[in-house]
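Data block for final.cif (mmCIF, C-alpha atoms; chains and numbers go by the auth columns):
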```cif
data_work
loop_
_atom_site.group_PDB
_atom_site.id
_atom_site.type_symbol
_atom_site.label_atom_id
_atom_site.label_comp_id
_atom_site.label_asym_id
_atom_site.label_seq_id
_atom_site.Cartn_x
_atom_site.Cartn_y
_atom_site.Cartn_z
_atom_site.B_iso_or_equiv
_atom_site.auth_seq_id
_atom_site.auth_asym_id
ATOM 1 C CA MET A 1 -18.277 193.244 46.255 0.00 1 A
ATOM 2 C CA ALA A 2 -21.883 192.140 46.465 0.00 2 A
ATOM 3 C CA TYR A 3 -24.282 193.772 48.875 0.00 3 A
ATOM 4 C CA VAL A 4 -24.979 191.739 52.019 0.00 4 A
ATOM 5 C CA SER A 5 -28.060 192.664 54.009 0.00 5 A
ATOM 6 C CA LYS A 6 -28.051 193.147 57.775 0.00 6 A
ATOM 7 C CA GLU A 7 -30.188 190.045 58.136 0.00 7 A
ATOM 8 C CA THR A 8 -27.696 187.978 56.137 0.00 8 A
ATOM 9 C CA LYS A 9 -24.745 189.275 58.182 0.00 9 A
ATOM 10 C CA ARG A 10 -26.590 188.409 61.386 0.00 10 A
ATOM 11 C CA ALA A 11 -27.492 184.931 60.119 0.00 11 A
ATOM 12 C CA MET A 12 -23.891 184.269 59.092 0.00 12 A
ATOM 13 C CA TRP A 13 -22.641 185.459 62.506 0.00 13 A
ATOM 14 C CA MET A 14 -25.149 183.242 64.329 0.00 14 A
ATOM 15 C CA ALA A 15 -24.241 180.206 62.211 0.00 15 A
ATOM 16 C CA GLU A 16 -20.538 180.660 62.932 0.00 16 A
ATOM 17 C CA PHE A 17 -21.254 181.174 66.634 0.00 17 A
ATOM 18 C CA ASP A 18 -23.387 178.012 66.701 0.00 18 A
ATOM 19 C CA ASN A 19 -20.657 175.993 64.979 0.00 19 A
ATOM 20 C CA LEU A 20 -17.984 177.214 67.391 0.00 20 A
ATOM 21 C CA VAL A 21 -20.067 176.485 70.492 0.00 21 A
ATOM 22 C CA VAL A 22 -21.307 173.071 69.375 0.00 22 A
ATOM 23 C CA ASN A 23 -17.851 171.981 68.157 0.00 23 A
ATOM 24 C CA ARG A 24 -16.482 172.656 71.644 0.00 24 A
ATOM 25 C CA TYR A 25 -19.483 171.413 73.630 0.00 25 A
ATOM 26 C CA ALA A 26 -21.661 169.025 71.632 0.00 26 A
ATOM 27 C CA ALA A 27 -24.292 168.772 74.387 0.00 27 A
ATOM 28 C CA LEU A 28 -25.367 172.332 73.515 0.00 28 A
ATOM 29 C CA SER A 29 -26.553 171.339 70.048 0.00 29 A
ATOM 30 C CA GLY A 30 -30.074 172.729 69.766 0.00 30 A
ATOM 31 C CA ARG A 31 -29.863 174.255 73.252 0.00 31 A
ATOM 32 C CA ILE A 32 -28.172 177.603 72.662 0.00 32 A
ATOM 33 C CA ARG A 33 -29.752 180.568 74.414 0.00 33 A
ATOM 34 C CA TRP A 34 -30.275 182.787 71.383 0.00 34 A
ATOM 35 C CA ALA A 35 -31.132 185.885 73.416 0.00 35 A
ATOM 36 C CA ASP A 36 -27.615 185.750 74.853 0.00 36 A
ATOM 37 C CA ALA A 37 -26.096 185.211 71.411 0.00 37 A
ATOM 38 C CA THR A 38 -28.096 188.110 69.975 0.00 38 A
ATOM 39 C CA HIS A 39 -26.902 190.389 72.774 0.00 39 A
ATOM 40 C CA MET A 40 -23.279 189.474 72.037 0.00 40 A
ATOM 41 C CA PHE A 41 -23.850 190.046 68.310 0.00 41 A
ATOM 42 C CA PHE A 42 -25.163 193.549 68.956 0.00 42 A
ATOM 43 C CA THR A 43 -22.313 194.366 71.353 0.00 43 A
ATOM 44 C CA GLY A 44 -19.874 193.827 68.492 0.00 44 A
ATOM 45 C CA LEU A 45 -18.120 190.657 69.584 0.00 45 A
ATOM 46 C CA THR A 46 -16.787 188.317 66.920 0.00 46 A
ATOM 47 C CA PRO A 47 -18.368 184.859 66.853 0.00 47 A
ATOM 48 C CA ALA A 48 -15.178 183.404 68.381 0.00 48 A
ATOM 49 C CA GLN A 49 -15.144 185.946 71.226 0.00 49 A
ATOM 50 C CA ALA A 50 -18.842 185.369 71.846 0.00 50 A
ATOM 51 C CA ALA A 51 -18.423 181.580 71.893 0.00 51 A
ATOM 52 C CA ASP A 52 -15.600 181.870 74.443 0.00 52 A
ATOM 53 C CA LYS A 53 -17.676 184.164 76.639 0.00 53 A
ATOM 54 C CA TYR A 54 -20.787 181.991 76.265 0.00 54 A
ATOM 55 C CA LEU A 55 -18.972 178.822 77.312 0.00 55 A
ATOM 56 C CA LEU A 56 -17.434 180.497 80.359 0.00 56 A
ATOM 57 C CA ASN A 57 -20.890 181.126 81.817 0.00 57 A
ATOM 58 C CA PRO A 58 -21.997 178.013 83.741 0.00 58 A
ATOM 59 C CA ASP A 59 -25.662 179.032 83.346 0.00 59 A
ATOM 60 C CA ASN A 60 -25.356 178.255 79.629 0.00 60 A
ATOM 61 C CA LEU A 61 -24.143 174.696 80.167 0.00 61 A
ATOM 62 C CA PRO A 62 -26.605 171.840 80.633 0.00 62 A
ATOM 63 C CA GLU A 63 -26.658 170.174 84.014 0.00 63 A
ATOM 64 C CA ASN A 64 -25.354 166.627 84.233 0.00 64 A
#
```
Could you take the file, read its structure, and then write that structure out as structure tokens?
Amino acid sequence: MAYVSKETKRAMWMAEFDNLVVNRYAALSGRIRWADATHMFFTGLTPAQAADKYLLNPDNLPEN
């Protein structure tokens, strides 16, 4: 198996997280709070778990 750097793992996690969030809530495209996503990455959540948690927080959703 090829070596994957920490930076690459993080970038892959963030890309999957972004896809999951935007596929469920298109209005968040380009509006993700990356500090929150980074925190969830470092706490060990999977991208799917993090996306679920992120979308449950009303502060992360744009106002109508």
Shell of 9 Å around Tyr54 in chain A, only C-alpha atoms, local chain residues under 6 positions omitted, as a VMD selection string
chain A and resid 21 36 to 37 40 60 to 61
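The space separating CA of Ala27 in chain A from CA of Leu45 in chain A comes to 23.2 Å.
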Residue contacts of Pro62 in chain A (9 Å, all atoms listed in the file) excluding same-chain residues fewer than 4 positions away, as a PyMOL selection string:
chain A and resi 27-28+31+58
Go ahead and save the residues from that selection, with C-alpha atoms, as a compact mmCIF listing (two decimals), in the frame of the given file.
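Written output follows (again.txt):
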```
# COMPACT_ATOMS: atom_id res chain seq x y z
CA ALA A 27 -24.29 168.77 74.39
CA LEU A 28 -25.37 172.33 73.52
CA ARG A 31 -29.86 174.26 73.25
CA PRO A 58 -22.00 178.01 83.74
```
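Residues matched by the PyMOL selection byres ((chain A and resi 18) around 10) in this file: A:Met12, A:Trp13, A:Met14, A:Ala15, A:Glu16, A:Phe17, A:Asn19, A:Leu20, A:Val21, A:Val22, A:Asn23, A:Leu28, A:Ser29, A:Gly30, A:Arg31, A:Ile32, A:Trp34, A:Ala37, A:Pro47, A:Ala48, A:Ala51.
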For the atom pair CA of Lys6 in chain A and CA of Ala26 in chain A, what is the interatomic distance in Å to one decimal place?
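Going from CA of Lys6 in chain A over to CA of Ala26 in chain A, I get 28.5 Å.
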Could you pull range 28-39 of chain A out of the structure I just pasted and write it to a file containing all heavy atoms, as a short mmCIF file (atom, residue, chain, number, x, y, z; two decimals), in the first residue's frame?
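As a result, part17.cif now contains:
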```cif
data_model
loop_
_atom_site.label_atom_id
_atom_site.label_comp_id
_atom_site.auth_asym_id
_atom_site.auth_seq_id
_atom_site.Cartn_x
_atom_site.Cartn_y
_atom_site.Cartn_z
N LEU A 28 -25.26 25.39 1.09
CA LEU A 28 -24.00 25.52 1.83
C LEU A 28 -22.76 25.43 0.93
O LEU A 28 -21.64 25.54 1.42
CB LEU A 28 -23.92 24.45 2.92
CG LEU A 28 -24.87 24.67 4.09
CD1 LEU A 28 -24.83 23.49 5.05
CD2 LEU A 28 -24.52 25.95 4.82
N SER A 29 -22.96 25.28 -0.35
CA SER A 29 -21.83 25.22 -1.27
C SER A 29 -21.01 26.51 -1.15
O SER A 29 -21.52 27.61 -1.32
CB SER A 29 -22.33 25.06 -2.70
OG SER A 29 -21.24 25.00 -3.59
N GLY A 30 -19.75 26.37 -0.81
CA GLY A 30 -18.86 27.50 -0.63
C GLY A 30 -19.04 28.25 0.68
O GLY A 30 -18.43 29.29 0.89
N ARG A 31 -19.89 27.72 1.57
CA ARG A 31 -20.19 28.43 2.82
C ARG A 31 -19.92 27.58 4.06
O ARG A 31 -20.40 27.90 5.14
CB ARG A 31 -21.65 28.87 2.81
CG ARG A 31 -21.97 29.79 1.64
CD ARG A 31 -23.40 30.17 1.63
NE ARG A 31 -23.60 31.18 2.67
CZ ARG A 31 -24.76 31.73 2.94
NH1 ARG A 31 -25.83 31.38 2.28
NH2 ARG A 31 -24.87 32.62 3.89
N ILE A 32 -19.18 26.51 3.91
CA ILE A 32 -18.90 25.63 5.05
C ILE A 32 -17.95 26.34 6.01
O ILE A 32 -16.99 26.99 5.60
CB ILE A 32 -18.32 24.29 4.57
CG1 ILE A 32 -19.43 23.51 3.86
CG2 ILE A 32 -17.74 23.49 5.71
CD1 ILE A 32 -19.00 22.21 3.26
N ARG A 33 -18.23 26.17 7.28
CA ARG A 33 -17.36 26.73 8.33
C ARG A 33 -16.24 25.71 8.57
O ARG A 33 -16.40 24.72 9.27
CB ARG A 33 -18.18 26.98 9.58
CG ARG A 33 -19.26 28.03 9.33
CD ARG A 33 -20.28 28.10 10.42
NE ARG A 33 -19.66 28.61 11.64
CZ ARG A 33 -20.33 28.82 12.76
NH1 ARG A 33 -21.62 28.54 12.82
NH2 ARG A 33 -19.73 29.28 13.82
N TRP A 34 -15.08 25.98 7.97
CA TRP A 34 -14.00 25.00 7.97
C TRP A 34 -13.38 24.81 9.34
O TRP A 34 -12.82 23.76 9.63
CB TRP A 34 -12.96 25.37 6.90
CG TRP A 34 -13.56 25.16 5.55
CD1 TRP A 34 -13.94 26.13 4.67
CD2 TRP A 34 -13.91 23.92 4.95
NE1 TRP A 34 -14.50 25.55 3.56
CE2 TRP A 34 -14.49 24.20 3.70
CE3 TRP A 34 -13.80 22.59 5.35
CZ2 TRP A 34 -14.95 23.19 2.85
CZ3 TRP A 34 -14.26 21.59 4.49
CH2 TRP A 34 -14.83 21.90 3.27
N ALA A 35 -13.47 25.78 10.21
CA ALA A 35 -12.96 25.60 11.57
C ALA A 35 -13.75 24.50 12.28
O ALA A 35 -13.18 23.66 12.99
CB ALA A 35 -13.03 26.90 12.36
N ASP A 36 -15.06 24.48 12.06
CA ASP A 36 -15.90 23.43 12.63
C ASP A 36 -15.55 22.07 12.04
O ASP A 36 -15.46 21.07 12.75
CB ASP A 36 -17.38 23.72 12.40
CG ASP A 36 -17.87 24.95 13.16
OD1 ASP A 36 -17.15 25.43 14.06
OD2 ASP A 36 -18.98 25.42 12.84
N ALA A 37 -15.38 22.03 10.73
CA ALA A 37 -15.03 20.77 10.06
C ALA A 37 -13.67 20.26 10.54
O ALA A 37 -13.51 19.06 10.80
CB ALA A 37 -15.01 20.97 8.54
N THR A 38 -12.72 21.15 10.69
CA THR A 38 -11.39 20.76 11.16
C THR A 38 -11.46 20.19 12.58
O THR A 38 -10.83 19.18 12.88
CB THR A 38 -10.42 21.97 11.12
OG1 THR A 38 -10.35 22.43 9.77
CG2 THR A 38 -9.05 21.60 11.62
N HIS A 39 -12.26 20.81 13.43
CA HIS A 39 -12.44 20.31 14.79
C HIS A 39 -12.99 18.88 14.76
O HIS A 39 -12.51 18.00 15.47
CB HIS A 39 -13.37 21.22 15.58
CG HIS A 39 -13.77 20.66 16.90
ND1 HIS A 39 -12.90 20.59 17.97
CD2 HIS A 39 -14.93 20.10 17.33
CE1 HIS A 39 -13.52 20.02 18.99
NE2 HIS A 39 -14.75 19.73 18.62
#
```
